[in-house]
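Asks: Mind having a look at this structure? Questions to follow.
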Amino acid sequence: MTRPSTERFTERVADYVRYRPDYPPELLAFLHGPGGLAPGAPVADVGAGTGISTRMFLEAGHPVVAVEPNTAMRAAADAWLGGFAGYRSVAGSAEATGLADASVALVTAAQAFHWFEPERTRREFARVLAPGGRVALFWNSRQLDSTPFLRGYEALLRQHCPDYASVAERYPSDAQVALWFGAGLRHQVVFAHAQRLDYEALRGRHLSSSFVPKEGQPGYTPTMEALRELFEREQRDGHVLFTYDTRLHVGEVS
């Protein structure tokens, strides 16, 4: 049976916290500039997971409520970010955040929007946004064929991870995101980002993905053997490079 999207990462929290990429500083600078986000304005980070994107806004001085339905991921965020005075979390979803009407200036979804139900999410985001508030959707989209390592990694996933194609197909194109915003779309921009990973970090980054077989599951051993072989073939000075196109979409919803 396919697991609900809200439970897909429960057993991958430790790897997610340690090895998932953050977001480039240019993204936050853009939101504070053309994106229209005022200093100190309240933010709702929806589908916040373990709090990678939440922390970015907290460190910039914004009070942030992390909305996350997965108990294990929310607990990890609480443990990591509980020391920030402006932080709180709620057990809500994109379609039912539990937040008050007109309570935030920006709603964000980092690496999460493709799991949401689009129409209910639009209504809910419009409800919690204060007048003039905006939505920012962003993803670190792994480049698929810009280097031999990345071409090899894409081939590995397609060969050894049966669930990969169905998850990858969920990611919306820029045109689909623009259609969701409709006339409210204000900006679509792309930033360069990368992770330099040794084998331990590559292994953790790999296992943090919901479609990768876990230890004890069919396919685990072959995919890990293929990962080690790919690393040994493509590493330089003990590292490989994961490069991303960080896609940011900003707009208004009603």
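Just so we're on the same page: first chain in the structure tokens is A, next is B, and so on; residues restart at 1 for each chain, and ligands are numbered from 1 in the order they show up.
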For region 203-212 of chain A, list every protein, DNA or RNA residue within 10 Å, evaluated using only C-alpha atoms, and leave out those in the same chain fewer than 4 positions away; present the list as a PyMOL selection string.

Replies: chain A and resi 5+7-21+153+157+160-168+195+197-199+217+219-220+223-224+227-228+231+242

Asks: Let's have the selection written as a short mmCIF file (atom, residue, chain, number, x, y, z; two decimals), in the first residue's frame, with N, CA and C atoms.

Replies:
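New file out23.cif:
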data_model
loop_
_atom_site.label_atom_id
_atom_site.label_comp_id
_atom_site.auth_asym_id
_atom_site.auth_seq_id
_atom_site.Cartn_x
_atom_site.Cartn_y
_atom_site.Cartn_z
N SER A 5 1.28 10.95 1.78
CA SER A 5 2.42 11.87 1.63
C SER A 5 2.88 12.43 2.97
N GLU A 7 3.29 10.91 5.66
CA GLU A 7 4.07 9.93 6.42
C GLU A 7 5.31 9.44 5.69
N ARG A 8 5.53 9.92 4.47
CA ARG A 8 6.58 9.34 3.63
C ARG A 8 7.98 9.50 4.24
N PHE A 9 8.20 10.54 5.04
CA PHE A 9 9.55 10.84 5.51
C PHE A 9 9.78 10.47 6.97
N THR A 10 8.79 9.82 7.61
CA THR A 10 8.86 9.57 9.05
C THR A 10 10.15 8.86 9.45
N GLU A 11 10.55 7.83 8.71
CA GLU A 11 11.72 7.04 9.08
C GLU A 11 13.01 7.56 8.46
N ARG A 12 12.96 8.75 7.88
CA ARG A 12 14.14 9.32 7.22
C ARG A 12 14.55 10.65 7.84
N VAL A 13 14.02 10.94 9.01
CA VAL A 13 14.20 12.27 9.60
C VAL A 13 15.67 12.58 9.86
N ALA A 14 16.41 11.64 10.43
CA ALA A 14 17.81 11.93 10.78
C ALA A 14 18.63 12.28 9.55
N ASP A 15 18.46 11.51 8.47
CA ASP A 15 19.18 11.82 7.24
C ASP A 15 18.71 13.13 6.63
N TYR A 16 17.41 13.40 6.73
CA TYR A 16 16.86 14.64 6.17
C TYR A 16 17.49 15.84 6.88
N VAL A 17 17.56 15.79 8.20
CA VAL A 17 18.12 16.91 8.97
C VAL A 17 19.58 17.14 8.61
N ARG A 18 20.34 16.08 8.49
CA ARG A 18 21.79 16.22 8.32
C ARG A 18 22.21 16.50 6.88
N TYR A 19 21.47 15.98 5.90
CA TYR A 19 22.02 15.94 4.56
C TYR A 19 21.21 16.64 3.48
N ARG A 20 20.00 17.06 3.77
CA ARG A 20 19.27 17.80 2.74
C ARG A 20 19.87 19.19 2.58
N PRO A 21 19.84 19.74 1.36
CA PRO A 21 20.46 21.06 1.15
C PRO A 21 19.63 22.19 1.76
N TYR A 153 23.79 9.38 -11.52
CA TYR A 153 22.87 9.30 -10.38
C TYR A 153 21.43 9.19 -10.85
N LEU A 157 18.85 6.03 -9.99
CA LEU A 157 17.51 6.14 -9.41
C LEU A 157 16.47 5.43 -10.27
N HIS A 160 17.10 1.52 -9.87
CA HIS A 160 17.03 0.84 -8.58
C HIS A 160 15.92 1.32 -7.65
N CYS A 161 15.21 2.38 -7.99
CA CYS A 161 14.20 2.94 -7.09
C CYS A 161 12.86 2.97 -7.81
N PRO A 162 12.05 1.92 -7.68
CA PRO A 162 10.81 1.82 -8.45
C PRO A 162 9.84 2.97 -8.23
N ASP A 163 9.88 3.58 -7.06
CA ASP A 163 8.94 4.66 -6.74
C ASP A 163 9.42 6.01 -7.26
N TYR A 164 10.66 6.06 -7.78
CA TYR A 164 11.24 7.35 -8.15
C TYR A 164 10.44 8.08 -9.23
N ALA A 165 10.06 7.38 -10.28
CA ALA A 165 9.40 8.05 -11.40
C ALA A 165 8.09 8.69 -10.97
N SER A 166 7.32 8.00 -10.13
CA SER A 166 6.03 8.56 -9.72
C SER A 166 6.20 9.79 -8.85
N VAL A 167 7.25 9.82 -8.02
CA VAL A 167 7.50 11.00 -7.20
C VAL A 167 8.03 12.14 -8.06
N ALA A 168 8.98 11.84 -8.95
CA ALA A 168 9.56 12.87 -9.81
C ALA A 168 8.50 13.54 -10.66
N GLN A 195 25.78 21.25 -3.37
CA GLN A 195 26.32 20.57 -2.19
C GLN A 195 27.57 19.80 -2.62
N LEU A 197 29.77 16.79 -1.48
CA LEU A 197 29.49 15.68 -0.59
C LEU A 197 30.59 14.63 -0.63
N ASP A 198 31.05 14.20 0.56
CA ASP A 198 31.86 12.99 0.62
C ASP A 198 30.91 11.79 0.60
N TYR A 199 31.45 10.57 0.69
CA TYR A 199 30.55 9.42 0.51
C TYR A 199 29.52 9.33 1.63
N GLN A 217 14.63 -3.45 3.09
CA GLN A 217 13.65 -3.52 2.02
C GLN A 217 14.28 -4.10 0.75
N GLY A 219 15.72 -4.25 -2.73
CA GLY A 219 16.37 -3.23 -3.54
C GLY A 219 17.39 -2.39 -2.80
N TYR A 220 17.41 -2.49 -1.46
CA TYR A 220 18.33 -1.64 -0.70
C TYR A 220 19.79 -1.95 -1.05
N THR A 223 20.96 -0.83 -4.64
CA THR A 223 21.08 0.62 -4.85
C THR A 223 22.27 1.19 -4.10
N MET A 224 22.59 0.63 -2.92
CA MET A 224 23.74 1.13 -2.18
C MET A 224 25.05 0.70 -2.83
N LEU A 227 25.47 3.00 -5.71
CA LEU A 227 25.85 4.34 -5.25
C LEU A 227 27.34 4.39 -4.95
N ARG A 228 27.85 3.38 -4.25
CA ARG A 228 29.28 3.35 -3.94
C ARG A 228 30.13 3.28 -5.22
N PHE A 231 30.10 6.69 -6.88
CA PHE A 231 30.94 7.63 -6.15
C PHE A 231 32.41 7.39 -6.46
N PHE A 242 26.64 17.80 -5.99
CA PHE A 242 25.21 17.87 -6.33
C PHE A 242 24.91 19.31 -6.69
#

Asks: Which of region 34-121 of chain A end up as helix (DSSP H, G or I) when DSSP is run on this backbone - answer as a PyMOL selection string?

Replies: chain A and resi 52-59+71-81+113-115+118-121

Asks: Take CA of Gly86 (chain A) and CA of Leu58 (chain A) and report the distance between them in Å, one decimal.

Replies: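 Result for CA of Gly86 (chain A) versus CA of Leu58 (chain A): 6.8 Å, one decimal.
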
Asks: Which is closer to Arg88 (chain A) than all the others in A:Glu119, A:Glu59, A:Glu215, A:Asp45, using only C-alpha atoms?

Replies: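 Checking each of A:Glu119, A:Glu59, A:Glu215, A:Asp45 against Arg88 (chain A), counting only C-alpha atoms, the winner is A:Asp45.
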
Asks: Pick from A:Val90, A:Leu144, A:Leu179, A:Ala192: nearest to Pro25 (chain A), with only C-alpha atoms counted?

Replies: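 Closest to Pro25 (chain A), using only C-alpha atoms: A:Ala192.
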
Asks: Between CA of Tyr171 (chain A) and CA of Ser141 (chain A), what is the spacing in Å?

Replies: 9.1 Å

Asks: For Glu232 (chain A), list every protein, DNA or RNA residue within 12 Å, evaluated using only C-alpha atoms, and leave out those in the same chain fewer than 5 positions away; present the list as an MDAnalysis selection string.

Replies: chainID A and resid 149 152 198:199 202 225:227 237:240

Asks: Residues of the last selection are to be written out with C-alpha atoms, as a PDB file, in the first residue's frame.

Replies:
ATOM      1  CA  PHE A 149      28.062  12.117 -11.881  1.00  0.00           C
ATOM      2  CA  GLY A 152      24.922   8.470 -13.449  1.00  0.00           C
ATOM      3  CA  ASP A 198      31.863  12.990   0.625  1.00  0.00           C
ATOM      4  CA  TYR A 199      30.553   9.424   0.512  1.00  0.00           C
ATOM      5  CA  LEU A 202      26.098  11.344  -0.364  1.00  0.00           C
ATOM      6  CA  GLU A 225      26.261  -0.941  -4.133  1.00  0.00           C
ATOM      7  CA  ALA A 226      25.512   1.107  -7.246  1.00  0.00           C
ATOM      8  CA  LEU A 227      25.852   4.341  -5.247  1.00  0.00           C
ATOM      9  CA  ASP A 237      39.420  14.574  -3.976  1.00  0.00           C
ATOM     10  CA  GLY A 238      36.932  12.392  -2.126  1.00  0.00           C
ATOM     11  CA  HIS A 239      33.845  14.416  -3.064  1.00  0.00           C
ATOM     12  CA  VAL A 240      31.103  14.706  -5.669  1.00  0.00           C
TER      13      VAL A 240
END

Asks: Applying 9 Å and only C-alpha atoms, which residues near Gly133 (chain A) remain after dropping the ones on its own chain fewer than 4 positions away? List them as a PyMOL selection string.

Replies: chain A and resi 36-37+102+104-107+126+129+251-253

Asks: What is the distance, in Å and to one decimal place, between CA of Pro148 (chain A) and CA of Pro24 (chain A)?

Replies: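 Taking CA of Pro148 (chain A) and CA of Pro24 (chain A), their separation equals 23.7 Å.
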
Asks: Which neighbours of Pro63 (chain A) fall inside 10 Å, counting only C-alpha atoms, when residues of the same chain fewer than 2 positions from it are skipped, and could you give them as a list in words?

Replies: Gly40, Ala41, Pro42, Val43, Ala44, Thr54, Phe57, Leu58, Glu59, Ala60, Gly61, Val65, Ala66, Phe84, Ala85, Gly86, Tyr87, Arg88 and Val104 of chain A

Asks: Mind checking which residues fall within 7 Å of Val190 (chain A), counting only C-alpha atoms, ignoring those fewer than 4 positions away in the same chain, and posting them as a VMD selection string?

Replies: chain A and resid 245 to 248

Asks: Keeping only N, CA and C atoms, write the selected residues to a file as a tab-separated table (two decimals), in the first residue's frame.

Replies:
chain	number	residue	atom	x	y	z
A	245	ASP	N	19.21	23.75	-9.52
A	245	ASP	CA	18.56	24.99	-9.92
A	245	ASP	C	17.50	25.27	-8.86
A	246	THR	N	17.72	26.31	-8.06
A	246	THR	CA	16.75	26.66	-7.03
A	246	THR	C	15.70	27.57	-7.64
A	247	ARG	N	14.50	27.06	-7.80
A	247	ARG	CA	13.41	27.75	-8.50
A	247	ARG	C	12.51	28.43	-7.48
A	248	LEU	N	12.32	29.73	-7.65
A	248	LEU	CA	11.48	30.53	-6.75
A	248	LEU	C	10.32	31.15	-7.54

Asks: Just checking: using only C-alpha atoms, which residue out of A:Leu185, A:Ala91, A:Ala194, A:Leu150 ends up closest to Leu137 (chain A)?

Replies: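 Selected residue with least distance to Leu137 (chain A): A:Leu185.
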
Asks: Neighbours of Gly49 (chain A) within 7 Å (only C-alpha atoms; same-chain residues fewer than 3 positions away dropped), as an MDAnalysis selection string?

Replies: chainID A and resid 68 73:74
